[in-house]
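J.: File name entry-v8.pdb; file contents PDB, C-alpha atoms, pLDDT in the B column; full text below.
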```pdb
ATOM      1  CA  MET A 256     118.245 148.597 -86.173  1.00 92.00           C
ATOM      2  CA  THR A 257     119.443 148.938 -89.716  1.00 96.00           C
ATOM      3  CA  ASN A 258     118.814 146.292 -92.353  1.00 97.00           C
ATOM      4  CA  ASN A 259     122.534 145.486 -92.251  1.00 98.00           C
ATOM      5  CA  ASP A 260     122.386 144.969 -88.455  1.00 97.00           C
ATOM      6  CA  ILE A 261     119.473 142.560 -88.812  1.00 97.00           C
ATOM      7  CA  PHE A 262     121.209 140.743 -91.671  1.00 98.00           C
ATOM      8  CA  ARG A 263     124.468 140.410 -89.692  1.00 97.00           C
ATOM      9  CA  ARG A 264     122.672 139.093 -86.609  1.00 95.00           C
ATOM     10  CA  ILE A 265     120.740 136.482 -88.590  1.00 97.00           C
ATOM     11  CA  ARG A 266     123.921 135.398 -90.356  1.00 96.00           C
ATOM     12  CA  TYR A 267     125.763 135.020 -87.053  1.00 94.00           C
ATOM     13  CA  THR A 268     122.896 133.347 -85.187  1.00 94.00           C
ATOM     14  CA  PHE A 269     122.418 130.675 -87.839  1.00 95.00           C
ATOM     15  CA  ASP A 270     126.125 130.447 -88.743  1.00 94.00           C
ATOM     16  CA  LEU A 271     125.395 131.115 -92.420  1.00 97.00           C
ATOM     17  CA  LYS A 272     128.355 131.133 -94.800  1.00 97.00           C
ATOM     18  CA  ASP A 273     128.457 133.637 -97.671  1.00 96.00           C
ATOM     19  CA  ASN A 274     127.769 130.970-100.310  1.00 96.00           C
ATOM     20  CA  THR A 275     124.764 129.749 -98.280  1.00 97.00           C
ATOM     21  CA  ILE A 276     123.448 133.318 -98.205  1.00 98.00           C
ATOM     22  CA  VAL A 277     123.766 133.520-102.001  1.00 98.00           C
ATOM     23  CA  ASP A 278     121.752 130.268-102.165  1.00 97.00           C
ATOM     24  CA  ILE A 279     119.110 131.721 -99.807  1.00 97.00           C
ATOM     25  CA  PHE A 280     118.653 134.719-102.112  1.00 97.00           C
ATOM     26  CA  ALA A 281     118.359 132.291-105.048  1.00 96.00           C
ATOM     27  CA  LEU A 282     115.473 130.543-103.246  1.00 95.00           C
ATOM     28  CA  ALA A 283     113.676 133.914-103.345  1.00 95.00           C
ATOM     29  CA  GLU A 284     114.577 134.139-107.041  1.00 94.00           C
ATOM     30  CA  VAL A 285     116.804 137.179-106.438  1.00 95.00           C
ATOM     31  CA  PRO A 286     120.340 136.739-107.758  1.00 96.00           C
ATOM     32  CA  VAL A 287     123.148 138.242-105.667  1.00 97.00           C
ATOM     33  CA  THR A 288     126.901 137.811-105.736  1.00 97.00           C
ATOM     34  CA  GLN A 289     129.241 136.880-102.925  1.00 97.00           C
ATOM     35  CA  SER A 290     130.831 140.323-103.209  1.00 97.00           C
ATOM     36  CA  GLN A 291     127.419 141.943-102.553  1.00 97.00           C
ATOM     37  CA  VAL A 292     126.971 139.750 -99.464  1.00 97.00           C
ATOM     38  CA  THR A 293     130.454 140.649 -98.246  1.00 97.00           C
ATOM     39  CA  ALA A 294     129.770 144.382 -98.722  1.00 97.00           C
ATOM     40  CA  TRP A 295     126.504 144.146 -96.718  1.00 98.00           C
ATOM     41  CA  LEU A 296     128.330 142.383 -93.886  1.00 97.00           C
ATOM     42  CA  LYS A 297     131.114 144.972 -93.565  1.00 96.00           C
ATOM     43  CA  LYS A 298     131.176 147.337 -90.611  1.00 95.00           C
ATOM     44  CA  ASP A 299     129.446 150.666 -91.244  1.00 94.00           C
ATOM     45  CA  GLU A 300     132.704 152.616 -91.117  1.00 96.00           C
ATOM     46  CA  ASP A 301     134.441 150.356 -93.690  1.00 96.00           C
ATOM     47  CA  ASP A 302     134.934 151.958 -97.120  1.00 96.00           C
ATOM     48  CA  ALA A 303     133.583 148.812 -98.819  1.00 96.00           C
ATOM     49  CA  PHE A 304     130.350 148.860 -96.741  1.00 97.00           C
ATOM     50  CA  VAL A 305     127.101 148.933 -98.735  1.00 97.00           C
ATOM     51  CA  THR A 306     123.727 149.745 -97.172  1.00 98.00           C
ATOM     52  CA  MET A 307     121.217 146.941 -97.602  1.00 98.00           C
ATOM     53  CA  LYS A 308     117.927 148.155 -99.076  1.00 97.00           C
ATOM     54  CA  ASN A 309     114.511 147.061 -97.772  1.00 97.00           C
ATOM     55  CA  ARG A 310     113.835 145.019-100.916  1.00 97.00           C
ATOM     56  CA  GLU A 311     117.147 143.159-100.471  1.00 98.00           C
ATOM     57  CA  LEU A 312     116.480 142.304 -96.820  1.00 98.00           C
ATOM     58  CA  ALA A 313     112.902 141.275 -97.682  1.00 98.00           C
ATOM     59  CA  ALA A 314     114.237 139.000-100.445  1.00 97.00           C
ATOM     60  CA  PHE A 315     116.715 137.467 -98.008  1.00 98.00           C
ATOM     61  CA  LEU A 316     113.985 136.869 -95.420  1.00 98.00           C
ATOM     62  CA  ASN A 317     111.659 135.349 -98.047  1.00 97.00           C
ATOM     63  CA  GLY A 318     114.496 133.062 -99.129  1.00 97.00           C
ATOM     64  CA  PHE A 319     115.257 132.279 -95.480  1.00 98.00           C
ATOM     65  CA  ILE A 320     111.665 131.087 -95.040  1.00 97.00           C
ATOM     66  CA  SER A 321     112.155 128.737 -98.012  1.00 96.00           C
ATOM     67  CA  PHE A 322     115.576 127.690 -96.691  1.00 97.00           C
ATOM     68  CA  LYS A 323     114.201 126.754 -93.262  1.00 96.00           C
ATOM     69  CA  ARG A 324     110.786 125.377 -94.255  1.00 94.00           C
ATOM     70  CA  GLY A 325     111.140 124.306 -97.876  1.00 91.00           C
ATOM     71  CA  LYS A 326     110.311 126.177-101.037  1.00 86.00           C
ATOM     72  CA  ARG A 327     106.615 126.545-101.698  1.00 84.00           C
ATOM     73  CA  GLU A 328     104.967 125.657-104.996  1.00 85.00           C
ATOM     74  CA  GLY A 329     104.320 128.285-107.620  1.00 82.00           C
ATOM     75  CA  PRO A 330     105.723 131.778-107.893  1.00 82.00           C
ATOM     76  CA  GLN A 331     107.707 133.059-104.939  1.00 82.00           C
ATOM     77  CA  PRO A 332     106.440 136.134-103.087  1.00 86.00           C
ATOM     78  CA  ALA A 333     107.847 139.397-104.368  1.00 90.00           C
ATOM     79  CA  PRO A 334     110.114 141.159-101.863  1.00 91.00           C
ATOM     80  CA  GLU A 335     108.490 144.163-100.246  1.00 94.00           C
ATOM     81  CA  SER A 336     109.925 147.595-100.966  1.00 93.00           C
ATOM     82  CA  GLN A 337     108.761 148.877 -97.572  1.00 95.00           C
ATOM     83  CA  LEU A 338     109.854 146.901 -94.529  1.00 96.00           C
ATOM     84  CA  ASN A 339     109.456 147.504 -90.807  1.00 97.00           C
ATOM     85  CA  ASN A 340     110.422 145.605 -87.653  1.00 97.00           C
ATOM     86  CA  ASN A 341     106.965 144.014 -87.404  1.00 97.00           C
ATOM     87  CA  MET A 342     107.364 142.520 -90.879  1.00 97.00           C
ATOM     88  CA  VAL A 343     110.898 141.308 -90.116  1.00 98.00           C
ATOM     89  CA  PHE A 344     109.677 139.766 -86.846  1.00 98.00           C
ATOM     90  CA  GLN A 345     106.784 138.042 -88.639  1.00 97.00           C
ATOM     91  CA  LYS A 346     109.038 136.643 -91.387  1.00 97.00           C
ATOM     92  CA  LEU A 347     111.509 135.296 -88.826  1.00 98.00           C
ATOM     93  CA  ARG A 348     108.690 133.716 -86.825  1.00 97.00           C
ATOM     94  CA  ILE A 349     107.424 132.011 -89.978  1.00 97.00           C
ATOM     95  CA  ALA A 350     110.905 130.866 -91.042  1.00 97.00           C
ATOM     96  CA  LEU A 351     111.534 129.360 -87.615  1.00 97.00           C
ATOM     97  CA  ASN A 352     108.046 127.801 -87.537  1.00 96.00           C
ATOM     98  CA  MET A 353     107.422 129.318 -84.106  1.00 97.00           C
ATOM     99  CA  LYS A 354     104.065 129.335 -82.393  1.00 97.00           C
ATOM    100  CA  ALA A 355     103.137 132.060 -79.911  1.00 97.00           C
ATOM    101  CA  ASP A 356     104.332 129.988 -76.939  1.00 97.00           C
ATOM    102  CA  ASP A 357     107.715 129.458 -78.628  1.00 97.00           C
ATOM    103  CA  VAL A 358     108.147 133.205 -79.159  1.00 97.00           C
ATOM    104  CA  LEU A 359     107.064 133.959 -75.588  1.00 97.00           C
ATOM    105  CA  GLU A 360     109.657 131.460 -74.350  1.00 96.00           C
ATOM    106  CA  VAL A 361     112.369 133.297 -76.327  1.00 97.00           C
ATOM    107  CA  PHE A 362     111.418 136.597 -74.680  1.00 97.00           C
ATOM    108  CA  GLU A 363     111.261 134.922 -71.253  1.00 96.00           C
ATOM    109  CA  GLN A 364     114.804 133.642 -71.805  1.00 94.00           C
ATOM    110  CA  VAL A 365     116.130 137.187 -72.326  1.00 95.00           C
ATOM    111  CA  GLY A 366     114.275 138.492 -69.276  1.00 95.00           C
ATOM    112  CA  LEU A 367     111.476 140.234 -71.163  1.00 95.00           C
ATOM    113  CA  PRO A 368     108.264 138.364 -70.398  1.00 94.00           C
ATOM    114  CA  LEU A 369     105.306 139.223 -72.630  1.00 96.00           C
ATOM    115  CA  SER A 370     101.654 138.226 -72.545  1.00 96.00           C
ATOM    116  CA  HIS A 371      99.919 136.536 -75.480  1.00 96.00           C
ATOM    117  CA  HIS A 372      98.008 139.785 -76.071  1.00 95.00           C
ATOM    118  CA  GLU A 373     101.181 141.879 -76.201  1.00 96.00           C
ATOM    119  CA  LEU A 374     102.761 139.438 -78.634  1.00 97.00           C
ATOM    120  CA  SER A 375      99.744 139.180 -80.943  1.00 96.00           C
ATOM    121  CA  ALA A 376      99.636 142.989 -81.215  1.00 97.00           C
ATOM    122  CA  PHE A 377     102.916 142.854 -83.193  1.00 97.00           C
ATOM    123  CA  PHE A 378     101.350 140.612 -85.833  1.00 96.00           C
ATOM    124  CA  ARG A 379      98.171 142.595 -86.432  1.00 95.00           C
ATOM    125  CA  LYS A 380      97.494 144.851 -89.388  1.00 94.00           C
ATOM    126  CA  PRO A 381      98.658 148.438 -88.761  1.00 94.00           C
ATOM    127  CA  SER A 382      95.058 149.613 -89.104  1.00 95.00           C
ATOM    128  CA  HIS A 383      93.903 147.372 -86.223  1.00 95.00           C
ATOM    129  CA  LYS A 384      93.194 149.248 -83.000  1.00 95.00           C
ATOM    130  CA  ASN A 385      95.435 146.882 -80.986  1.00 94.00           C
ATOM    131  CA  TYR A 386      98.369 146.997 -83.415  1.00 96.00           C
ATOM    132  CA  ARG A 387     101.686 147.661 -81.698  1.00 97.00           C
ATOM    133  CA  GLU A 388     104.860 148.800 -83.412  1.00 97.00           C
ATOM    134  CA  CYS A 389     107.826 146.502 -82.881  1.00 97.00           C
ATOM    135  CA  LYS A 390     110.619 148.737 -81.638  1.00 97.00           C
ATOM    136  CA  ASP A 391     114.294 148.030 -82.321  1.00 97.00           C
ATOM    137  CA  GLN A 392     114.890 146.833 -78.759  1.00 96.00           C
ATOM    138  CA  MET A 393     112.096 144.245 -79.043  1.00 97.00           C
ATOM    139  CA  LEU A 394     113.466 142.850 -82.325  1.00 97.00           C
ATOM    140  CA  ARG A 395     117.000 142.902 -80.899  1.00 96.00           C
ATOM    141  CA  ASN A 396     115.820 140.924 -77.848  1.00 96.00           C
ATOM    142  CA  PHE A 397     114.028 138.393 -80.043  1.00 97.00           C
ATOM    143  CA  LEU A 398     117.156 137.853 -82.149  1.00 96.00           C
ATOM    144  CA  MET A 399     119.263 137.578 -78.990  1.00 95.00           C
ATOM    145  CA  GLY A 400     116.882 134.991 -77.516  1.00 95.00           C
ATOM    146  CA  VAL A 401     116.952 132.899 -80.686  1.00 96.00           C
ATOM    147  CA  GLN A 402     120.742 133.161 -80.683  1.00 94.00           C
ATOM    148  CA  LEU A 403     120.861 131.957 -77.053  1.00 93.00           C
ATOM    149  CA  GLN A 404     118.666 128.975 -77.941  1.00 90.00           C
ATOM    150  CA  LEU A 405     120.845 128.005 -80.889  1.00 86.00           C
ATOM    151  CA  ARG A 406     124.216 128.975 -79.443  1.00 77.00           C
ATOM    152  CA  PRO A 407     123.839 128.623 -75.653  1.00 71.00           C
ATOM    153  CA  ASN A 408     127.493 129.457 -74.925  1.00 72.00           C
ATOM    154  CA  ASP A 409     127.140 132.912 -76.517  1.00 65.00           C
ATOM    155  CA  LYS A 410     126.319 135.825 -74.253  1.00 58.00           C
ATOM    156  CA  GLY A 411     125.799 138.377 -77.014  1.00 53.00           C
TER     157      GLY A 411
END
```
Represent the supplied structure as structure tokens.

T.:
Amino acid sequence: MTNNDIFRRIRYTFDLKDNTIVDIFALAEVPVTQSQVTAWLKKDEDDAFVTMKNRELAAFLNGFISFKRGKREGPQPAPESQLNNNMVFQKLRIALNMKADDVLEVFEQVGLPLSHHELSAFFRKPSHKNYRECKDQMLRNFLMGVQLQLRPNDKG
């Protein structure tokens, strides 16, 4: 999944308006304009489409954590320049304040049951022997499950 795909899915799932997205970036102390947001949301084949960089998606996700859970005291975390699906998954889990059982329920809902051990492997350090890379399909299923919980009449 591209950063733009992830961004679009989160926007749709949580029904975020462009001005709300600008506010979410502001929570991460990263200023963006509505025209930037619009360009990131365009279809890939559109001439006005702009590829979202890792740092921009990380800033959005950091702001989304503050948006959903409240802004924390002190300096905000700097957006990462390197981002992978495991990090995106972890940031979404934090933003949504989901415990392991909540995440497992989301995967159960999309017909992809996981064990606690399989799930915890996604949140380990890459150097850990039981670390497991979160593939695009796994992240896509998680986002779909969250979407089904929030928008039960949607089928994808």

J.: Excluding region 346-360 of chain A and any residue of its chain fewer than 4 positions from it, enumerate the residues within 9 Å of it, using all atoms listed in the file, and give them as a PyMOL selection string.

T.: chain A and resi 313+316-317+319-324+341-342+364-365+367-371+374-375+397+400-401

J.: Given the point (108.1, 140.6, -99.9) in the file's coordinates, find the residues that have an atom at most 8 Å from it, counting only C-alpha atoms, and give them as JSON, numbers by chain.

T.: {"A": [310, 313, 314, 317, 332, 333, 334, 335, 336]}

J.: Expand the PyMOL selection byres ((chain A and resi 403) around 12) into the explicit residue set it covers here, and present it as a list in words.

T.: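 For this structure, the PyMOL selection byres ((chain A and resi 403) around 12) resolves to Tyr267, Thr268, Phe269, Glu360, Val361, Phe362, Glu363, Gln364, Val365, Asn396, Phe397, Leu398, Met399, Gly400, Val401, Gln402, Gln404, Leu405, Arg406, Pro407, Asn408, Asp409, Lys410 and Gly411 of chain A.
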
J.: In terms of the shortest atom-to-atom distance over all atoms listed in the file, which of A:Ser382, A:Asn274, A:Gln345, A:Thr306 is closest to Leu394 (chain A)?

T.: A:Gln345

J.: Expressed in Å to a single decimal, how great is the separation between CA of Asn258 (chain A) and CA of Asn339 (chain A)?

T.: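 Straight-line distance from CA of Asn258 (chain A) to CA of Asn339 (chain A) works out to 9.6 Å.
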
J.: Between CA of Glu373 (chain A) and CA of Gln392 (chain A), what is the distance, to one decimal in Å?

T.: 14.8 Å

J.: Interatomic distance between CA of Phe344 (chain A) and CA of Ile276 (chain A)?

T.: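 Computed distance, CA of Phe344 (chain A) to CA of Ile276 (chain A), equals 19.0 Å.
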
J.: Because some atoms of region 266-302 of chain A are absent here, can you restore N, CA and C atoms and send them as a PDB file, in the coordinates of the input?

T.:
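File produced: selection_22.pdb:
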```pdb
ATOM      1  N   ARG A 266     122.785 136.172 -89.835  1.00 96.00           N
ATOM      2  CA  ARG A 266     123.921 135.398 -90.356  1.00 96.00           C
ATOM      3  C   ARG A 266     124.701 134.755 -89.213  1.00 96.00           C
ATOM      4  N   TYR A 267     124.990 135.533 -88.183  1.00 94.00           N
ATOM      5  CA  TYR A 267     125.763 135.020 -87.053  1.00 94.00           C
ATOM      6  C   TYR A 267     124.968 133.962 -86.281  1.00 94.00           C
ATOM      7  N   THR A 268     123.722 134.255 -85.984  1.00 94.00           N
ATOM      8  CA  THR A 268     122.896 133.347 -85.187  1.00 94.00           C
ATOM      9  C   THR A 268     122.782 131.973 -85.825  1.00 94.00           C
ATOM     10  N   PHE A 269     122.620 131.946 -87.137  1.00 95.00           N
ATOM     11  CA  PHE A 269     122.418 130.675 -87.839  1.00 95.00           C
ATOM     12  C   PHE A 269     123.697 130.165 -88.505  1.00 95.00           C
ATOM     13  N   ASP A 270     124.821 130.847 -88.232  1.00 94.00           N
ATOM     14  CA  ASP A 270     126.125 130.447 -88.743  1.00 94.00           C
ATOM     15  C   ASP A 270     126.080 130.217 -90.249  1.00 94.00           C
ATOM     16  N   LEU A 271     125.548 131.212 -90.967  1.00 97.00           N
ATOM     17  CA  LEU A 271     125.395 131.115 -92.420  1.00 97.00           C
ATOM     18  C   LEU A 271     126.674 131.583 -93.116  1.00 97.00           C
ATOM     19  N   LYS A 272     127.184 130.768 -93.995  1.00 97.00           N
ATOM     20  CA  LYS A 272     128.355 131.133 -94.800  1.00 97.00           C
ATOM     21  C   LYS A 272     127.886 131.990 -95.972  1.00 97.00           C
ATOM     22  N   ASP A 273     128.804 132.743 -96.558  1.00 96.00           N
ATOM     23  CA  ASP A 273     128.457 133.637 -97.671  1.00 96.00           C
ATOM     24  C   ASP A 273     127.807 132.885 -98.836  1.00 96.00           C
ATOM     25  N   ASN A 274     128.347 131.713 -99.182  1.00 96.00           N
ATOM     26  CA  ASN A 274     127.769 130.970-100.310  1.00 96.00           C
ATOM     27  C   ASN A 274     126.363 130.459 -99.965  1.00 96.00           C
ATOM     28  N   THR A 275     126.111 130.157 -98.708  1.00 97.00           N
ATOM     29  CA  THR A 275     124.764 129.749 -98.280  1.00 97.00           C
ATOM     30  C   THR A 275     123.811 130.932 -98.411  1.00 97.00           C
ATOM     31  N   ILE A 276     124.282 132.125 -98.080  1.00 98.00           N
ATOM     32  CA  ILE A 276     123.448 133.318 -98.205  1.00 98.00           C
ATOM     33  C   ILE A 276     123.090 133.568 -99.669  1.00 98.00           C
ATOM     34  N   VAL A 277     124.048 133.378-100.567  1.00 98.00           N
ATOM     35  CA  VAL A 277     123.766 133.520-102.001  1.00 98.00           C
ATOM     36  C   VAL A 277     122.675 132.519-102.400  1.00 98.00           C
ATOM     37  N   ASP A 278     122.769 131.293-101.886  1.00 97.00           N
ATOM     38  CA  ASP A 278     121.752 130.268-102.165  1.00 97.00           C
ATOM     39  C   ASP A 278     120.384 130.659-101.599  1.00 97.00           C
ATOM     40  N   ILE A 279     120.379 131.287-100.426  1.00 97.00           N
ATOM     41  CA  ILE A 279     119.110 131.721 -99.807  1.00 97.00           C
ATOM     42  C   ILE A 279     118.441 132.781-100.684  1.00 97.00           C
ATOM     43  N   PHE A 280     119.214 133.718-101.192  1.00 97.00           N
ATOM     44  CA  PHE A 280     118.653 134.719-102.112  1.00 97.00           C
ATOM     45  C   PHE A 280     118.104 134.034-103.362  1.00 97.00           C
ATOM     46  N   ALA A 281     118.813 133.019-103.850  1.00 96.00           N
ATOM     47  CA  ALA A 281     118.359 132.291-105.048  1.00 96.00           C
ATOM     48  C   ALA A 281     117.007 131.613-104.802  1.00 96.00           C
ATOM     49  N   LEU A 282     116.771 131.142-103.583  1.00 95.00           N
ATOM     50  CA  LEU A 282     115.473 130.543-103.246  1.00 95.00           C
ATOM     51  C   LEU A 282     114.344 131.560-103.389  1.00 95.00           C
ATOM     52  N   ALA A 283     114.662 132.835-103.182  1.00 95.00           N
ATOM     53  CA  ALA A 283     113.676 133.914-103.345  1.00 95.00           C
ATOM     54  C   ALA A 283     113.681 134.447-104.779  1.00 95.00           C
ATOM     55  N   GLU A 284     114.465 133.766-105.629  1.00 94.00           N
ATOM     56  CA  GLU A 284     114.577 134.139-107.041  1.00 94.00           C
ATOM     57  C   GLU A 284     115.144 135.546-107.230  1.00 94.00           C
ATOM     58  N   VAL A 285     116.106 135.896-106.351  1.00 95.00           N
ATOM     59  CA  VAL A 285     116.804 137.179-106.438  1.00 95.00           C
ATOM     60  C   VAL A 285     118.306 136.863-106.490  1.00 95.00           C
ATOM     61  N   PRO A 286     118.914 137.051-107.662  1.00 96.00           N
ATOM     62  CA  PRO A 286     120.340 136.739-107.758  1.00 96.00           C
ATOM     63  C   PRO A 286     121.205 137.801-107.085  1.00 96.00           C
ATOM     64  N   VAL A 287     122.145 137.355-106.268  1.00 97.00           N
ATOM     65  CA  VAL A 287     123.148 138.242-105.667  1.00 97.00           C
ATOM     66  C   VAL A 287     124.500 137.559-105.780  1.00 97.00           C
ATOM     67  N   THR A 288     125.544 138.355-105.671  1.00 97.00           N
ATOM     68  CA  THR A 288     126.901 137.811-105.736  1.00 97.00           C
ATOM     69  C   THR A 288     127.497 137.743-104.333  1.00 97.00           C
ATOM     70  N   GLN A 289     128.557 136.963-104.217  1.00 97.00           N
ATOM     71  CA  GLN A 289     129.241 136.880-102.925  1.00 97.00           C
ATOM     72  C   GLN A 289     129.837 138.222-102.541  1.00 97.00           C
ATOM     73  N   SER A 290     130.256 139.008-103.520  1.00 97.00           N
ATOM     74  CA  SER A 290     130.831 140.323-103.209  1.00 97.00           C
ATOM     75  C   SER A 290     129.754 141.262-102.651  1.00 97.00           C
ATOM     76  N   GLN A 291     128.515 141.147-103.128  1.00 97.00           N
ATOM     77  CA  GLN A 291     127.419 141.943-102.553  1.00 97.00           C
ATOM     78  C   GLN A 291     127.204 141.549-101.096  1.00 97.00           C
ATOM     79  N   VAL A 292     127.171 140.248-100.832  1.00 97.00           N
ATOM     80  CA  VAL A 292     126.971 139.750 -99.464  1.00 97.00           C
ATOM     81  C   VAL A 292     128.077 140.266 -98.558  1.00 97.00           C
ATOM     82  N   THR A 293     129.306 140.181 -99.027  1.00 97.00           N
ATOM     83  CA  THR A 293     130.454 140.649 -98.246  1.00 97.00           C
ATOM     84  C   THR A 293     130.331 142.141 -97.932  1.00 97.00           C
ATOM     85  N   ALA A 294     129.910 142.932 -98.924  1.00 97.00           N
ATOM     86  CA  ALA A 294     129.770 144.382 -98.722  1.00 97.00           C
ATOM     87  C   ALA A 294     128.678 144.698 -97.702  1.00 97.00           C
ATOM     88  N   TRP A 295     127.583 143.923 -97.691  1.00 98.00           N
ATOM     89  CA  TRP A 295     126.504 144.146 -96.718  1.00 98.00           C
ATOM     90  C   TRP A 295     126.952 143.786 -95.304  1.00 98.00           C
ATOM     91  N   LEU A 296     127.890 142.851 -95.203  1.00 97.00           N
ATOM     92  CA  LEU A 296     128.330 142.383 -93.886  1.00 97.00           C
ATOM     93  C   LEU A 296     129.449 143.235 -93.280  1.00 97.00           C
ATOM     94  N   LYS A 297     130.042 144.109 -94.064  1.00 96.00           N
ATOM     95  CA  LYS A 297     131.114 144.972 -93.565  1.00 96.00           C
ATOM     96  C   LYS A 297     130.592 145.886 -92.452  1.00 96.00           C
ATOM     97  N   LYS A 298     131.518 146.349 -91.637  1.00 95.00           N
ATOM     98  CA  LYS A 298     131.176 147.337 -90.611  1.00 95.00           C
ATOM     99  C   LYS A 298     130.808 148.647 -91.285  1.00 95.00           C
ATOM    100  N   ASP A 299     129.942 149.420 -90.653  1.00 94.00           N
ATOM    101  CA  ASP A 299     129.446 150.666 -91.244  1.00 94.00           C
ATOM    102  C   ASP A 299     130.560 151.638 -91.616  1.00 94.00           C
ATOM    103  N   GLU A 300     131.636 151.652 -90.854  1.00 96.00           N
ATOM    104  CA  GLU A 300     132.704 152.616 -91.117  1.00 96.00           C
ATOM    105  C   GLU A 300     133.689 152.139 -92.196  1.00 96.00           C
ATOM    106  N   ASP A 301     133.571 150.898 -92.646  1.00 96.00           N
ATOM    107  CA  ASP A 301     134.441 150.356 -93.690  1.00 96.00           C
ATOM    108  C   ASP A 301     134.110 151.011 -95.037  1.00 96.00           C
ATOM    109  N   ASP A 302     135.138 151.316 -95.816  1.00 96.00           N
ATOM    110  CA  ASP A 302     134.934 151.958 -97.120  1.00 96.00           C
ATOM    111  C   ASP A 302     134.158 151.066 -98.092  1.00 96.00           C
TER     112      ASP A 302
END
```
